[in-house]
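*Asks:* File structure-v1.txt below, compact mmCIF, C-alpha atoms:
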```txt
# COMPACT_ATOMS: atom_id res chain seq x y z
CA MET A 1 13.39 -61.57 -89.14
CA LYS A 2 13.13 -57.90 -88.16
CA LYS A 3 9.89 -58.55 -86.25
CA ILE A 4 11.50 -61.48 -84.41
CA LEU A 5 14.44 -59.26 -83.41
CA ILE A 6 12.10 -56.56 -82.06
CA VAL A 7 10.17 -59.12 -80.01
CA LEU A 8 13.43 -60.58 -78.67
CA LEU A 9 14.73 -57.16 -77.61
CA THR A 10 11.43 -56.40 -75.90
CA VAL A 11 11.59 -59.64 -73.91
CA LEU A 12 15.20 -58.98 -72.90
CA ALA A 13 14.40 -55.43 -71.77
CA THR A 14 11.47 -56.69 -69.72
CA ALA A 15 13.67 -59.34 -68.11
CA CYS A 16 16.29 -56.74 -67.21
CA PHE A 17 13.75 -54.54 -65.40
CA ALA A 18 11.70 -57.24 -63.68
CA GLN A 19 12.36 -57.63 -59.96
CA SER A 20 10.43 -58.87 -56.95
CA ILE A 21 8.81 -57.68 -53.75
CA ILE A 22 9.16 -60.23 -50.94
CA THR A 23 6.67 -60.34 -48.07
CA VAL A 24 7.26 -62.23 -44.83
CA ASN A 25 4.25 -63.12 -42.68
CA LEU A 26 5.39 -63.63 -39.08
CA SER A 27 3.08 -65.47 -36.65
CA VAL A 28 3.95 -65.28 -32.93
CA THR A 29 2.65 -68.55 -31.47
CA ASN A 30 4.24 -68.80 -28.00
CA GLY A 31 5.74 -66.78 -25.20
CA THR A 32 9.45 -65.99 -25.27
CA THR A 33 12.45 -66.68 -23.07
CA ASN A 34 15.87 -65.09 -22.74
CA GLY A 35 17.98 -65.42 -25.91
CA MET A 36 15.24 -66.11 -28.45
CA SER A 37 15.61 -63.88 -31.49
CA LEU A 38 14.51 -62.73 -34.94
CA THR A 39 17.06 -61.97 -37.67
CA VAL A 40 16.19 -60.22 -40.95
CA ASN A 41 18.98 -59.77 -43.50
CA GLY A 42 21.61 -60.09 -40.77
CA ASP A 43 19.95 -57.61 -38.39
CA THR A 44 19.08 -59.42 -35.12
CA ARG A 45 16.54 -58.48 -32.43
CA THR A 46 16.84 -60.52 -29.23
CA PHE A 47 14.38 -61.15 -26.41
CA THR A 48 15.95 -60.65 -22.99
CA ASN A 49 14.99 -60.52 -19.32
CA SER A 50 16.78 -57.17 -18.96
CA VAL A 51 17.02 -54.67 -21.81
CA VAL A 52 20.44 -53.00 -22.03
CA THR A 53 20.46 -51.89 -25.69
CA PRO A 54 16.86 -51.02 -26.72
CA GLY A 55 17.86 -50.79 -30.37
CA ASN A 56 18.21 -54.56 -30.71
CA GLN A 57 16.72 -55.98 -27.51
CA MET A 58 13.14 -56.33 -26.20
CA LEU A 59 11.65 -57.86 -23.08
CA THR A 60 10.54 -61.47 -22.96
CA ASN A 61 6.91 -62.23 -22.21
CA THR A 62 5.19 -65.44 -21.15
CA THR A 63 2.39 -65.00 -23.70
CA ALA A 64 2.34 -64.87 -27.49
CA GLN A 65 0.39 -61.59 -27.42
CA GLY A 66 2.83 -59.95 -25.02
CA SER A 67 5.81 -61.10 -27.08
CA ALA A 68 4.20 -59.78 -30.28
CA ASN A 69 3.53 -56.43 -28.58
CA ASN A 70 7.15 -56.12 -27.42
CA LEU A 71 8.53 -57.09 -30.84
CA TYR A 72 6.24 -54.66 -32.66
CA THR A 73 7.19 -51.81 -30.30
CA ASN A 74 10.90 -52.50 -30.88
CA LEU A 75 10.56 -52.61 -34.67
CA ILE A 76 8.43 -49.45 -34.82
CA ASN A 77 11.14 -47.53 -32.94
CA ASN A 78 14.11 -49.32 -34.55
CA SER A 79 13.11 -50.46 -38.04
CA PHE A 80 15.05 -53.01 -40.05
CA ALA A 81 17.25 -51.54 -42.79
CA GLY A 82 16.13 -51.97 -46.35
CA PRO A 83 13.71 -50.28 -46.01
CA VAL A 84 11.53 -53.04 -44.58
CA ILE A 85 7.91 -51.97 -44.09
CA LEU A 86 6.29 -53.30 -40.89
CA SER A 87 2.55 -53.77 -40.45
CA TRP A 88 0.38 -55.49 -37.87
CA ASN A 89 -2.21 -57.77 -39.48
CA GLN A 90 -4.13 -59.05 -36.46
CA SER A 91 -3.56 -60.20 -32.89
CA THR A 92 -0.11 -61.87 -33.01
CA ASN A 93 0.56 -61.69 -36.77
CA LEU A 94 3.06 -59.19 -38.21
CA THR A 95 4.08 -58.58 -41.83
CA LEU A 96 7.50 -57.48 -43.09
CA THR A 97 7.61 -56.22 -46.70
CA GLY A 98 10.92 -55.66 -48.44
CA ALA A 99 11.74 -53.01 -51.01
CA ILE A 100 11.69 -53.89 -54.70
CA GLY A 101 14.57 -56.24 -55.42
CA GLU A 102 15.48 -56.64 -51.74
CA ALA A 103 16.28 -60.10 -50.42
CA MET A 104 14.45 -61.12 -47.25
CA ILE A 105 16.43 -63.72 -45.32
CA VAL A 106 14.64 -64.49 -42.05
CA THR A 107 15.91 -66.64 -39.18
CA ILE A 108 13.92 -67.38 -36.01
CA SER A 109 15.78 -68.68 -32.95
CA GLY A 110 13.52 -70.66 -30.61
CA ASN A 111 9.97 -71.96 -30.90
CA TRP A 112 8.15 -68.67 -30.29
CA ALA A 113 7.14 -67.92 -33.89
CA SER A 114 6.86 -69.20 -37.45
CA ASN A 115 7.00 -67.45 -40.80
CA THR A 116 5.88 -67.85 -44.40
CA THR A 117 7.27 -65.98 -47.40
CA SER A 118 5.55 -64.86 -50.60
CA THR A 119 7.00 -63.18 -53.68
CA GLN A 120 5.30 -60.65 -55.96
CA SER A 121 6.83 -59.51 -59.25
CA GLY A 122 7.77 -55.84 -59.32
CA TRP A 123 9.24 -53.33 -61.73
CA THR A 124 12.11 -50.88 -61.39
CA ASN A 125 10.88 -48.62 -64.19
CA MET A 126 8.28 -45.87 -63.71
CA MET A 127 4.67 -46.80 -63.03
CA ASP A 128 1.37 -44.97 -63.53
CA VAL A 129 -0.67 -44.40 -60.36
CA ARG A 130 -4.41 -44.67 -60.89
CA VAL A 131 -7.21 -44.68 -58.34
CA PRO A 132 -9.16 -46.47 -57.06
CA LEU A 133 -6.60 -49.25 -56.65
CA THR A 134 -9.42 -51.79 -56.77
CA GLY A 135 -9.56 -51.14 -60.51
CA GLU A 136 -6.05 -52.54 -60.96
CA VAL A 137 -5.14 -56.23 -61.13
CA PRO A 138 -3.92 -57.65 -57.76
CA LEU A 139 -0.24 -57.52 -58.77
CA GLU A 140 -0.39 -53.81 -59.62
CA GLN A 141 -2.41 -53.05 -56.46
CA THR A 142 0.48 -54.44 -54.37
CA ASN A 143 3.20 -52.68 -56.36
CA ILE A 144 1.53 -49.24 -56.43
CA ALA A 145 0.57 -49.27 -52.74
CA THR A 146 4.07 -50.37 -51.67
CA LEU A 147 5.86 -47.80 -53.83
CA LEU A 148 3.57 -45.01 -52.63
CA GLU A 149 4.21 -45.83 -48.96
CA ASN A 150 7.97 -46.05 -49.52
CA GLY A 151 7.92 -42.69 -51.32
CA LEU A 152 5.85 -40.93 -48.65
CA ASN A 153 8.15 -42.14 -45.89
CA SER A 154 11.28 -41.18 -47.85
CA PHE A 155 10.33 -37.75 -49.19
CA SER A 156 7.27 -36.30 -47.44
CA GLN A 157 7.77 -33.65 -44.74
CA SER A 158 4.88 -35.30 -42.84
CA ALA A 159 5.73 -38.94 -43.40
CA ILE A 160 3.54 -41.82 -42.32
CA GLN A 161 5.31 -43.69 -39.51
CA ILE A 162 6.29 -47.08 -40.89
CA GLY A 163 3.95 -49.80 -39.69
CA LYS A 164 1.09 -47.49 -38.72
CA ARG A 165 -0.41 -47.22 -42.23
CA THR A 166 -3.93 -45.81 -42.67
CA THR A 167 -5.61 -46.12 -39.28
CA ASN A 168 -2.87 -44.95 -36.91
CA LEU A 169 -1.05 -41.94 -38.34
CA VAL A 170 1.52 -40.74 -35.83
CA VAL A 171 3.12 -37.33 -35.34
CA THR A 172 5.85 -37.64 -32.75
CA ASN A 173 6.01 -33.97 -31.68
CA PHE A 174 3.35 -31.29 -31.13
CA PRO A 175 5.25 -28.00 -30.76
CA GLY A 176 3.58 -24.88 -29.42
CA SER A 177 0.15 -24.74 -27.77
CA ASN A 178 -2.29 -27.50 -28.68
CA ASN A 179 -5.98 -27.94 -27.88
CA TRP A 180 -7.89 -31.23 -27.96
CA THR A 181 -11.58 -30.68 -28.73
CA GLY A 182 -12.53 -34.35 -28.27
CA ASP A 183 -11.75 -37.02 -25.72
CA LEU A 184 -8.50 -38.96 -25.49
CA ALA A 185 -8.43 -42.72 -24.87
CA PHE A 186 -5.64 -45.21 -24.16
CA THR A 187 -6.48 -48.86 -24.74
CA GLY A 188 -5.92 -51.02 -21.65
CA ASN A 189 -3.36 -53.82 -21.90
CA SER A 190 -3.09 -56.96 -19.80
CA LEU A 191 0.12 -56.99 -17.73
CA ALA A 192 0.95 -60.47 -16.41
CA LEU A 193 2.97 -60.43 -13.17
CA GLY A 194 3.95 -63.00 -10.57
CA ASN A 195 3.91 -63.04 -6.78
CA SER A 196 6.51 -61.43 -4.54
CA ASN A 197 9.09 -59.02 -6.04
CA CYS A 198 8.46 -57.93 -9.64
CA LEU A 199 11.47 -56.49 -11.49
CA ASN A 200 11.87 -55.35 -15.11
CA VAL A 201 8.12 -54.82 -15.46
CA PRO A 202 7.42 -53.91 -19.13
CA SER A 203 5.80 -50.56 -20.00
CA VAL A 204 4.35 -51.33 -23.43
CA GLY A 205 1.28 -49.06 -23.27
CA VAL A 206 -0.11 -46.21 -21.19
CA TYR A 207 -2.84 -48.14 -19.35
CA GLU A 208 -1.84 -51.54 -17.92
CA ARG A 209 -4.20 -53.88 -16.01
CA ILE A 210 -2.28 -56.24 -13.74
CA THR A 211 -3.15 -59.96 -13.85
CA GLY A 212 -1.58 -63.07 -12.33
CA PRO A 213 -0.64 -62.47 -8.67
CA THR A 214 -2.27 -64.79 -6.13
CA ALA A 215 -0.53 -63.27 -3.09
CA THR A 216 0.94 -59.94 -2.00
CA PHE A 217 3.35 -58.58 -4.60
CA TYR A 218 5.80 -55.72 -5.05
CA ILE A 219 6.66 -53.65 -8.11
CA SER A 220 10.29 -52.70 -7.71
CA GLY A 221 11.38 -51.89 -11.25
CA ILE A 222 9.80 -50.83 -14.54
CA VAL A 223 11.77 -50.95 -17.77
CA GLY A 224 13.16 -47.46 -18.34
CA GLY A 225 10.97 -45.26 -20.54
CA ARG A 226 11.54 -41.96 -22.25
CA ASP A 227 11.27 -38.47 -20.80
CA GLY A 228 7.65 -37.64 -19.96
CA GLN A 229 6.28 -41.13 -20.64
CA GLN A 230 3.03 -41.81 -18.78
CA LEU A 231 2.05 -45.10 -17.16
CA LEU A 232 -1.16 -46.01 -15.31
CA LEU A 233 -1.19 -49.33 -13.41
CA GLU A 234 -4.45 -50.89 -12.24
CA ASN A 235 -4.60 -53.79 -9.76
CA ASN A 236 -7.88 -55.69 -9.71
CA THR A 237 -6.49 -59.06 -8.58
CA SER A 238 -7.84 -58.85 -4.97
CA GLN A 239 -4.22 -58.96 -3.72
CA ILE A 240 -2.46 -56.26 -1.68
CA TRP A 241 0.42 -54.68 -3.59
CA TRP A 242 3.31 -52.36 -2.92
CA VAL A 243 5.34 -49.96 -5.06
CA SER A 244 8.93 -49.98 -3.81
CA ASN A 245 11.01 -46.85 -3.40
CA ASN A 246 14.50 -46.94 -4.92
CA ALA A 247 14.61 -50.73 -4.42
CA ALA A 248 18.06 -52.24 -3.96
CA SER A 249 16.80 -55.43 -5.64
CA GLU A 250 16.40 -53.52 -8.92
CA THR A 251 19.95 -53.53 -10.29
CA THR A 252 19.13 -51.47 -13.41
CA ALA A 253 19.22 -47.86 -12.21
CA THR A 254 17.02 -46.54 -15.04
CA ASN A 255 14.22 -48.95 -14.02
CA LYS A 256 13.94 -47.73 -10.43
CA ILE A 257 10.91 -45.97 -8.96
CA GLN A 258 10.79 -42.90 -6.72
CA THR A 259 7.60 -42.81 -4.66
CA GLY A 260 8.02 -39.24 -3.38
CA ILE A 261 7.70 -40.23 0.30
CA ASN A 262 11.07 -41.99 0.59
CA ALA A 263 9.25 -45.20 1.49
CA PRO A 264 7.21 -47.93 -0.21
CA ILE A 265 3.55 -47.30 -0.99
CA GLU A 266 0.99 -49.93 0.10
CA MET A 267 -2.37 -50.27 -1.65
CA THR A 268 -5.12 -52.41 -0.19
CA ASN A 269 -8.24 -51.22 -2.04
CA ILE A 270 -9.64 -53.24 -4.93
CA PRO A 271 -9.28 -51.91 -7.52
CA SER A 272 -6.35 -49.60 -6.89
CA PHE A 273 -4.25 -47.44 -9.19
CA VAL A 274 -0.79 -45.89 -9.50
CA HIS A 275 0.10 -43.19 -12.03
CA LEU A 276 3.77 -42.68 -12.92
CA THR A 277 5.79 -40.34 -15.13
CA TYR A 278 9.30 -41.09 -16.39
CA ASP A 279 11.82 -38.39 -15.47
CA GLY A 280 14.42 -38.38 -18.26
CA GLN A 281 16.83 -36.12 -16.35
CA ALA A 282 16.80 -38.25 -13.20
CA ALA A 283 16.48 -41.43 -15.32
CA LEU A 284 13.82 -43.08 -13.15
CA TRP A 285 10.05 -43.32 -12.66
CA ASP A 286 8.20 -40.82 -10.43
CA VAL A 287 4.91 -41.74 -8.71
CA ASP A 288 2.52 -38.85 -9.42
CA ASN A 289 -0.61 -40.20 -7.75
CA HIS A 290 -2.01 -43.38 -6.24
CA SER A 291 -5.06 -44.80 -4.48
CA ASN A 292 -4.88 -46.60 -1.12
```
Could you write out this structure as structure tokens?

*Replies:*
Amino acid sequence: MKKILIVLLTVLATACFAQSIITVNLSVTNGTTNGMSLTVNGDTRTFTNSVVTPGNQMLTNTTAQGSANNLYTNLINNSFAGPVILSWNQSTNLTLTGAIGEAMIVTISGNWASNTTSTQSGWTNMMDVRVPLTGEVPLEQTNIATLLENGLNSFSQSAIQIGKRTTNLVVTNFPGSNNWTGDLAFTGNSLALGNSNCLNVPSVGVYERITGPTATFYISGIVGGRDGQQLLLENNTSQIWWVSNNAASETTATNKIQTGINAPIEMTNIPSFVHLTYDGQAALWDVDNHSN
């Protein structure tokens, strides 16, 4: 009887401590339109044609890849509460991992994405950390890796930025004098634009290659960046393009462009380039240099 009681108490104690880690795999399958959204545990992020509150809004995009890029950028800068760990699996697939015991209620508005959910058993008591993780059973590999990342982000003075994980460690500030002994590269992104007047142009990366126009087009507004943000635009579409100066058609003041000559800039060469810097004090984009 005594042995039975000990076994029963052990089972009850285990049941009290056992909790779960919930992982949501999000697959972006289509482009987005105004009003489509993603909600996680009551926190909603909405796609819009004009971003007013960057904390919970991101630009729409006609492609699945562009929409995934915009969503990922928003969540990196404005993470879901929880904490919810964000990672980018491949192409248009993102993963959201909840903390131990955290519910993950996900709602997708519109037909731009789908999601699947998986649950792994976790423990709230202390756990030994042994390396290499490949020596552990799959369940413990998941638990140890997740708890380590949560701990580093919560307590380390040089935390890993959530979502970047092992290959893209990010330090947001480099105070003092810094020297780069190697080269520096920015991956080129495809920026899909239409003909005529282009407003609310997204600035997802540093190097954007313009695609889409089949006639002369104008860039009159770029979604407002942060102070010192760099943007290089390349046009290789064989179409003449213009960069407008303080365009009246751009109704969002922080998206406007200042060319420096108080007039639009025309570029006829193929390819042609424009380099811009965002002026946080003036709250607009400055053209630093351009080809003809």

*Asks:* Restricting the calculation to all atoms listed in the file, which member of A:Ile222, A:Thr237, A:Phe174, A:Ile265 is positioned closest to Leu284 of chain A?

*Replies:*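 Using all atoms listed in the file, the shortest distance to Leu284 of chain A belongs to A:Ile222.
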
*Asks:* Out of A:Gly260, A:Gly280, A:Pro83, A:Gly182, which residue has the shortest atom-to-atom distance to Asp227 of chain A when counting only C-alpha atoms?

*Replies:* A:Gly280

*Asks:* Please determine, counting all atoms listed in the file, which residue among A:Leu193, A:Ile21, A:Leu152, A:Ile76 has the shortest atom-to-atom distance to Thr63 of chain A.

*Replies:*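 For Thr63 of chain A, the nearest of the given residues is A:Leu193.
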
*Asks:* Excluding Leu96 of chain A and any residue of its chain fewer than 3 positions from it, enumerate the residues within 7 Å of it, using only C-alpha atoms, and give them as a list of chain:residue names.

*Replies:* A:Thr23, A:Val24, A:Asn25, A:Val84, A:Ile85, A:Leu86, A:Ser87

*Asks:* For the interface of segment 143-255 of chain A with segment 38-49 of chain A (cut-off 10 Å, counting all atoms listed in the file), please tabulate each contacting residue of segment 143-255 of chain A alongside its nearest pair of atoms and their separation in Å to one decimal, rows sorted by chain and increasing number, as CSV.

*Replies:*
```
residue,atom,partner,partner_atom,distance
A:Leu199,CA,A:Asn49,CA,9.5
A:Asn200,CA,A:Asn49,CA,7.4
A:Val201,CA,A:Asn49,CA,9.7
```

*Asks:* Of the candidates A:Asn74, A:Val223, A:Trp112, A:Ser203, which one gets nearest to Thr29 of chain A if we count only C-alpha atoms?

*Replies:*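 Between A:Asn74, A:Val223, A:Trp112, A:Ser203, the residue approaching Thr29 of chain A most closely is A:Trp112.
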
*Asks:* What is the distance between atom CA of His275 of chain A and atom CA of Ala248 of chain A, in Å to one decimal?

*Replies:* 21.7 Å

*Asks:* Give, as JSON, the centre coordinates and the x, y and z edge lengths in Å to one decimal for an axis-aligned box around all listed atoms of segment 151-155 of chain A, padded by 5 Å on each side.

*Replies:*
```
{"center_x": 8.6, "center_y": -40.2, "center_z": -48.6, "size_x": 15.4, "size_y": 14.9, "size_z": 15.4}
```

*Asks:* Counting all atoms listed in the file, find the residues whose atoms lie at most 7 Å from (1.2, -37.0, -13.0) (file coordinates) and write them out as a list in words.

*Replies:*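 Those within range, by chain then number, are His275, Leu276, Thr277, Asp288 and Asn289 of chain A.
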
*Asks:* One decimal, Å: what's the distance from atom CA of Thr216 of chain A over to atom CA of Val274 of chain A, could you say?

*Replies:*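 Calculated distance between atom CA of Thr216 of chain A and atom CA of Val274 of chain A is 16.0 Å.
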
*Asks:* For a quick check of understanding, using all atoms listed in the file, which of A:Gly110, A:Gly31, A:Gly151, A:Pro54 has the smallest distance to Thr92 of chain A?

*Replies:*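 When distances to Thr92 of chain A are compared using all atoms listed in the file, the smallest one comes from A:Gly31.
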
*Asks:* Could you pull out every residue with an atom within 7 Å of (1.2, -44.9, -4.0), file coordinates, counting all atoms listed in the file, and send them as a PyMOL selection string?

*Replies:* chain A and resi 243+259+265-267+274+287+289-292

*Asks:* What gap, in Å, lies between atom CA of Ser196 of chain A and atom CA of Gln57 of chain A?

*Replies:*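 Atom CA of Gln57 of chain A lies at a distance of 25.7 Å from atom CA of Ser196 of chain A.
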
*Asks:* Go through A:Arg226, A:Asn269, A:Ile240, A:Gln141 and flag the residue nearest Ala282 of chain A, using only C-alpha atoms for the distances.

*Replies:* A:Arg226

*Asks:* Env of Tyr207 of chain A: 9 Å cut, atoms = all atoms listed in the file, seq-sep filter 6 positions within chain, self excluded. Answer as a PyMOL selection string.

*Replies:* chain A and resi 186-190+230-234

*Asks:* Got a sec: who's within 12 Å of Thr73 of chain A, counting only C-alpha atoms, leaving out chain neighbours fewer than 3 positions off, as a PyMOL selection string?

*Replies:* chain A and resi 45+54-59+66-70+76-79+86-88+94+162-164+202-205

*Asks:* Would you kindly return, as JSON, numbers by chain, each protein, DNA or RNA residue with an atom no farther than 9 Å from any atom of Ser20 of chain A, considering all atoms listed in the file and excluding same-chain residues fewer than 4 positions away?

*Replies:* {"A": [99, 100, 101, 102, 103, 119, 120, 121, 122, 123]}
